[in-house]
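Chemist: Following this message is one structure expressed as structure tokens.
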Amino acid sequence: MAALGDQSPEEAMVALQTSTAQQQTHFQHRHRHWFPEGVPWVRYHGTYEDLNMNLIWPGKDPGVDSVGTISSALVTYAAIQALQPDLIINAGTAGGFKAKGASIGDIFIASDGAFHDRRIPIPVFDLYGVGLRKAFETPNLVKELNLKVAKLSTGDSLDMTPQDESSIIANDATVKDMEGAAVAYVADLLKVPAIFIKAVTDIVDGDKPTAEEFLQNLASVTAALDLAVEQVINFINGKCVSEL
């Protein structure tokens with residue numbers, strides 16, 4: 001296993017919000033029954049160039065994609081404990097805010113993640129509720145791939161209440177998802193570098209209903225996300241973590 005910052009990241013874990021056939025096969029991952037019986041989580045494992053790749057998907061529970069902070073935190077913890085990865089890539093879709101310059105199909109690297117629906121109006125507990133965590137900084141990756149950098153805000157609902165909106169503004173977020181800050185919390189707790197790639201499917205402060213716009217753009221934006229993840233992995237291959 002590579003030492004962080006000193007050698008190449010031999011063991012990488014890609015934690016996905018959703019999984020497609022292309023994501024399952026493009027890097028020659030193969031399915032293994034690996035997680036405990038009864039959980040919906042799925043692991044694909046294989047090699048790509050010099051990297052050992054583990055693609056982790058929360059699965060379906062029951063019958064729909066297992067989205068949200070609880071499943072993301074659980075599967076991230078279990079995978080880190082078992083795999084001891086050198087790097088985590090959390091890839092998924094997100095809502096974007098046109099007021100912050102986001103457009104449909106934009107790909108962002110998150111600079112940090114925070115929660116917008118854990119409201120605890122007590123001194124000190126309020127900051128705990130926000131749970132701000134910095135993502136692993138990748139200046140060379142951002143420059144080489146010309147990626148946009150933005151703050152990420154996470155909550156367990158697809159829609160946005162007025163209270164959520166106030167918190168998201170306070171978080172200075174450009175993109176909003178349902179997983180990122182939970183993954184960031186676990187990765188920070190266990191001291192594993194994590195980067196977050198988010199593709200915009202819907203404009204939260206736009207004119208269209210969020211669910212309608214999300215479903216309308218999901219296929220095309222997921223394809224763009226696939227390409228972005230491929231480019232990121234190609235860049236990471238052969239480099240030290242400190243070179244990212």
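Order determines the names: the first chain of the structure tokens is A, the second B, and so forth; residues in each chain are numbered 1 upward, and ligands are numbered 1 upward as they are shown.
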In region 51-176 of chain A, what's alpha helix (DSSP H) per DSSP? Answer as a ChimeraX atom specification?
Modeler: /A:69-83,125-130,139-145,162-170
Chemist: Using only C-alpha atoms, which residues of region 170-208 of chain A come within 10 Å of region 77-85 of chain A, and what is the closest atom pair for each, with the distance in Å to one decimal? Give it as a Markdown table, sorted by chain and residue number.
Modeler:
| residue | atom | partner | partner_atom | distance |
| --- | --- | --- | --- | --- |
| A:Val183 | CA | A:Tyr77 | CA | 8.5 |
| A:Tyr185 | CA | A:Tyr77 | CA | 9.9 |
| A:Val186 | CA | A:Tyr77 | CA | 6.2 |
| A:Ala187 | CA | A:Tyr77 | CA | 7.9 |
| A:Leu189 | CA | A:Tyr77 | CA | 9.4 |
| A:Leu190 | CA | A:Ile80 | CA | 7.9 |
| A:Lys191 | CA | A:Ile80 | CA | 9.9 |
| A:Val192 | CA | A:Pro85 | CA | 7.3 |
| A:Pro193 | CA | A:Pro85 | CA | 8.9 |
Chemist: Please save N, CA and C atoms of the selected residues as an mmCIF file, in the first residue's frame.
Modeler:
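part_12.cif, freshly written:
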data_model
loop_
_atom_site.group_PDB
_atom_site.id
_atom_site.type_symbol
_atom_site.label_atom_id
_atom_site.label_comp_id
_atom_site.auth_asym_id
_atom_site.auth_seq_id
_atom_site.Cartn_x
_atom_site.Cartn_y
_atom_site.Cartn_z
ATOM 1 N N VAL A 183 -19.512 11.730 2.953
ATOM 2 C CA VAL A 183 -18.279 11.042 2.548
ATOM 3 C C VAL A 183 -17.067 11.802 3.074
ATOM 4 N N TYR A 185 -16.876 13.665 5.718
ATOM 5 C CA TYR A 185 -16.772 13.465 7.167
ATOM 6 C C TYR A 185 -16.043 12.165 7.498
ATOM 7 N N VAL A 186 -16.457 11.079 6.847
ATOM 8 C CA VAL A 186 -15.843 9.775 7.125
ATOM 9 C C VAL A 186 -14.389 9.754 6.660
ATOM 10 N N ALA A 187 -14.127 10.297 5.481
ATOM 11 C CA ALA A 187 -12.757 10.320 4.961
ATOM 12 C C ALA A 187 -11.838 11.123 5.879
ATOM 13 N N LEU A 189 -12.350 11.687 9.096
ATOM 14 C CA LEU A 189 -12.258 10.940 10.353
ATOM 15 C C LEU A 189 -11.181 9.861 10.279
ATOM 16 N N LEU A 190 -11.106 9.185 9.143
ATOM 17 C CA LEU A 190 -10.170 8.065 8.970
ATOM 18 C C LEU A 190 -8.912 8.463 8.210
ATOM 19 N N LYS A 191 -8.749 9.762 7.959
ATOM 20 C CA LYS A 191 -7.521 10.319 7.383
ATOM 21 C C LYS A 191 -7.187 9.746 6.014
ATOM 22 N N VAL A 192 -8.201 9.694 5.143
ATOM 23 C CA VAL A 192 -7.999 9.263 3.767
ATOM 24 C C VAL A 192 -8.293 10.448 2.845
ATOM 25 N N PRO A 193 -7.372 10.820 1.964
ATOM 26 C CA PRO A 193 -7.636 11.938 1.047
ATOM 27 C C PRO A 193 -8.847 11.639 0.170
#
Chemist: Which polymer residues have any atom within 10 Å of an atom of Ala184 (chain A), counting only C-alpha atoms, with same-chain residues fewer than 4 positions away left out, as a list in words?
Modeler: Ser72, Ala73, Thr76, Ile88, Asn90, Asp112, Gly113, Ala114, Gly131, Leu132, Arg133, Lys134, Ala135, Phe136, Glu179, Gly180, Asp188, Leu189, Leu190, Val192, Pro193, Ala194, Ile195 and Phe196 of chain A
Chemist: Could you pull out the strand (DSSP E) residues of region 100-176 of chain A, going by DSSP on the backbone, and write them as a list in words?
Modeler: Ile107, Phe108, Ile109, Ala110, Ser111, Asp112, Gly113, Ala114, Phe115, Arg133, Lys134, Lys148, Val149, Ala150, Lys151, Leu152, Ser153, Thr154, Val175 and Lys176 of chain A
Chemist: Suppose we keep N, CA, C and O atoms; can you now write the selection as a PDB file, in the first residue's frame?
Modeler:
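As written to disk, part.pdb reads:
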ATOM      1  N   ILE A 107     -19.022  20.486 -14.800  1.00  0.00           N
ATOM      2  CA  ILE A 107     -18.325  19.554 -13.915  1.00  0.00           C
ATOM      3  C   ILE A 107     -17.511  20.367 -12.909  1.00  0.00           C
ATOM      4  O   ILE A 107     -16.708  21.223 -13.296  1.00  0.00           O
ATOM      5  N   PHE A 108     -17.717  20.093 -11.639  1.00  0.00           N
ATOM      6  CA  PHE A 108     -17.018  20.815 -10.579  1.00  0.00           C
ATOM      7  C   PHE A 108     -16.175  19.866  -9.736  1.00  0.00           C
ATOM      8  O   PHE A 108     -16.562  18.724  -9.491  1.00  0.00           O
ATOM      9  N   ILE A 109     -15.042  20.366  -9.271  1.00  0.00           N
ATOM     10  CA  ILE A 109     -14.291  19.746  -8.191  1.00  0.00           C
ATOM     11  C   ILE A 109     -14.626  20.533  -6.926  1.00  0.00           C
ATOM     12  O   ILE A 109     -14.498  21.768  -6.901  1.00  0.00           O
ATOM     13  N   ALA A 110     -15.075  19.855  -5.896  1.00  0.00           N
ATOM     14  CA  ALA A 110     -15.457  20.550  -4.665  1.00  0.00           C
ATOM     15  C   ALA A 110     -14.228  20.882  -3.830  1.00  0.00           C
ATOM     16  O   ALA A 110     -13.364  20.034  -3.605  1.00  0.00           O
ATOM     17  N   SER A 111     -14.172  22.126  -3.377  1.00  0.00           N
ATOM     18  CA  SER A 111     -13.071  22.537  -2.505  1.00  0.00           C
ATOM     19  C   SER A 111     -13.334  22.145  -1.059  1.00  0.00           C
ATOM     20  O   SER A 111     -12.411  21.912  -0.280  1.00  0.00           O
ATOM     21  N   ASP A 112     -14.615  22.070  -0.701  1.00  0.00           N
ATOM     22  CA  ASP A 112     -15.003  21.627   0.637  1.00  0.00           C
ATOM     23  C   ASP A 112     -16.471  21.239   0.626  1.00  0.00           C
ATOM     24  O   ASP A 112     -17.190  21.515  -0.346  1.00  0.00           O
ATOM     25  N   GLY A 113     -16.893  20.588   1.671  1.00  0.00           N
ATOM     26  CA  GLY A 113     -18.279  20.156   1.778  1.00  0.00           C
ATOM     27  C   GLY A 113     -18.838  20.476   3.148  1.00  0.00           C
ATOM     28  O   GLY A 113     -18.130  20.411   4.154  1.00  0.00           O
ATOM     29  N   ALA A 114     -20.128  20.848   3.197  1.00  0.00           N
ATOM     30  CA  ALA A 114     -20.793  21.148   4.461  1.00  0.00           C
ATOM     31  C   ALA A 114     -22.253  20.732   4.346  1.00  0.00           C
ATOM     32  O   ALA A 114     -22.772  20.539   3.247  1.00  0.00           O
ATOM     33  N   PHE A 115     -22.909  20.605   5.480  1.00  0.00           N
ATOM     34  CA  PHE A 115     -24.327  20.229   5.503  1.00  0.00           C
ATOM     35  C   PHE A 115     -25.206  21.480   5.574  1.00  0.00           C
ATOM     36  O   PHE A 115     -24.832  22.471   6.196  1.00  0.00           O
ATOM     37  N   ARG A 133     -15.937  20.374   6.034  1.00  0.00           N
ATOM     38  CA  ARG A 133     -14.721  19.591   5.835  1.00  0.00           C
ATOM     39  C   ARG A 133     -14.067  20.000   4.520  1.00  0.00           C
ATOM     40  O   ARG A 133     -14.739  20.133   3.498  1.00  0.00           O
ATOM     41  N   LYS A 134     -12.761  20.181   4.533  1.00  0.00           N
ATOM     42  CA  LYS A 134     -12.022  20.493   3.324  1.00  0.00           C
ATOM     43  C   LYS A 134     -11.791  19.229   2.507  1.00  0.00           C
ATOM     44  O   LYS A 134     -11.477  18.172   3.049  1.00  0.00           O
ATOM     45  N   LYS A 148     -13.655  23.353 -12.992  1.00  0.00           N
ATOM     46  CA  LYS A 148     -14.165  24.411 -12.135  1.00  0.00           C
ATOM     47  C   LYS A 148     -14.118  23.943 -10.681  1.00  0.00           C
ATOM     48  O   LYS A 148     -14.357  22.769 -10.394  1.00  0.00           O
ATOM     49  N   VAL A 149     -13.822  24.859  -9.781  1.00  0.00           N
ATOM     50  CA  VAL A 149     -13.765  24.560  -8.351  1.00  0.00           C
ATOM     51  C   VAL A 149     -14.897  25.293  -7.653  1.00  0.00           C
ATOM     52  O   VAL A 149     -15.158  26.468  -7.933  1.00  0.00           O
ATOM     53  N   ALA A 150     -15.584  24.602  -6.757  1.00  0.00           N
ATOM     54  CA  ALA A 150     -16.734  25.214  -6.080  1.00  0.00           C
ATOM     55  C   ALA A 150     -16.939  24.582  -4.717  1.00  0.00           C
ATOM     56  O   ALA A 150     -16.450  23.484  -4.434  1.00  0.00           O
ATOM     57  N   LYS A 151     -17.682  25.266  -3.883  1.00  0.00           N
ATOM     58  CA  LYS A 151     -18.069  24.735  -2.579  1.00  0.00           C
ATOM     59  C   LYS A 151     -19.325  23.877  -2.742  1.00  0.00           C
ATOM     60  O   LYS A 151     -20.213  24.199  -3.525  1.00  0.00           O
ATOM     61  N   LEU A 152     -19.377  22.802  -1.971  1.00  0.00           N
ATOM     62  CA  LEU A 152     -20.469  21.830  -2.034  1.00  0.00           C
ATOM     63  C   LEU A 152     -21.274  21.855  -0.746  1.00  0.00           C
ATOM     64  O   LEU A 152     -20.706  21.894   0.350  1.00  0.00           O
ATOM     65  N   SER A 153     -22.599  21.826  -0.872  1.00  0.00           N
ATOM     66  CA  SER A 153     -23.477  21.728   0.294  1.00  0.00           C
ATOM     67  C   SER A 153     -24.331  20.464   0.162  1.00  0.00           C
ATOM     68  O   SER A 153     -24.825  20.153  -0.917  1.00  0.00           O
ATOM     69  N   THR A 154     -24.498  19.753   1.264  1.00  0.00           N
ATOM     70  CA  THR A 154     -25.142  18.439   1.243  1.00  0.00           C
ATOM     71  C   THR A 154     -26.344  18.396   2.174  1.00  0.00           C
ATOM     72  O   THR A 154     -26.304  18.914   3.289  1.00  0.00           O
ATOM     73  N   VAL A 175     -22.833  24.181  -5.685  1.00  0.00           N
ATOM     74  CA  VAL A 175     -23.503  22.920  -6.004  1.00  0.00           C
ATOM     75  C   VAL A 175     -24.062  22.284  -4.737  1.00  0.00           C
ATOM     76  O   VAL A 175     -23.534  22.477  -3.637  1.00  0.00           O
ATOM     77  N   LYS A 176     -25.128  21.516  -4.925  1.00  0.00           N
ATOM     78  CA  LYS A 176     -25.881  20.906  -3.819  1.00  0.00           C
ATOM     79  C   LYS A 176     -26.102  19.431  -4.148  1.00  0.00           C
ATOM     80  O   LYS A 176     -26.610  19.090  -5.212  1.00  0.00           O
TER      81      LYS A 176
END
Chemist: Which residue out of A:Asp61, A:Glu49, A:Glu137, A:Asp117 has the minimum interatomic distance to Ile168 (chain A) when only C-alpha atoms are used?
Modeler: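 Nearest to Ile168 (chain A): A:Asp117.
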Chemist: Nearest residue to Ala211 (chain A) out of A:Ala94, A:Ala181, A:Ile233, A:Leu141, using only C-alpha atoms?
Modeler: A:Ala94
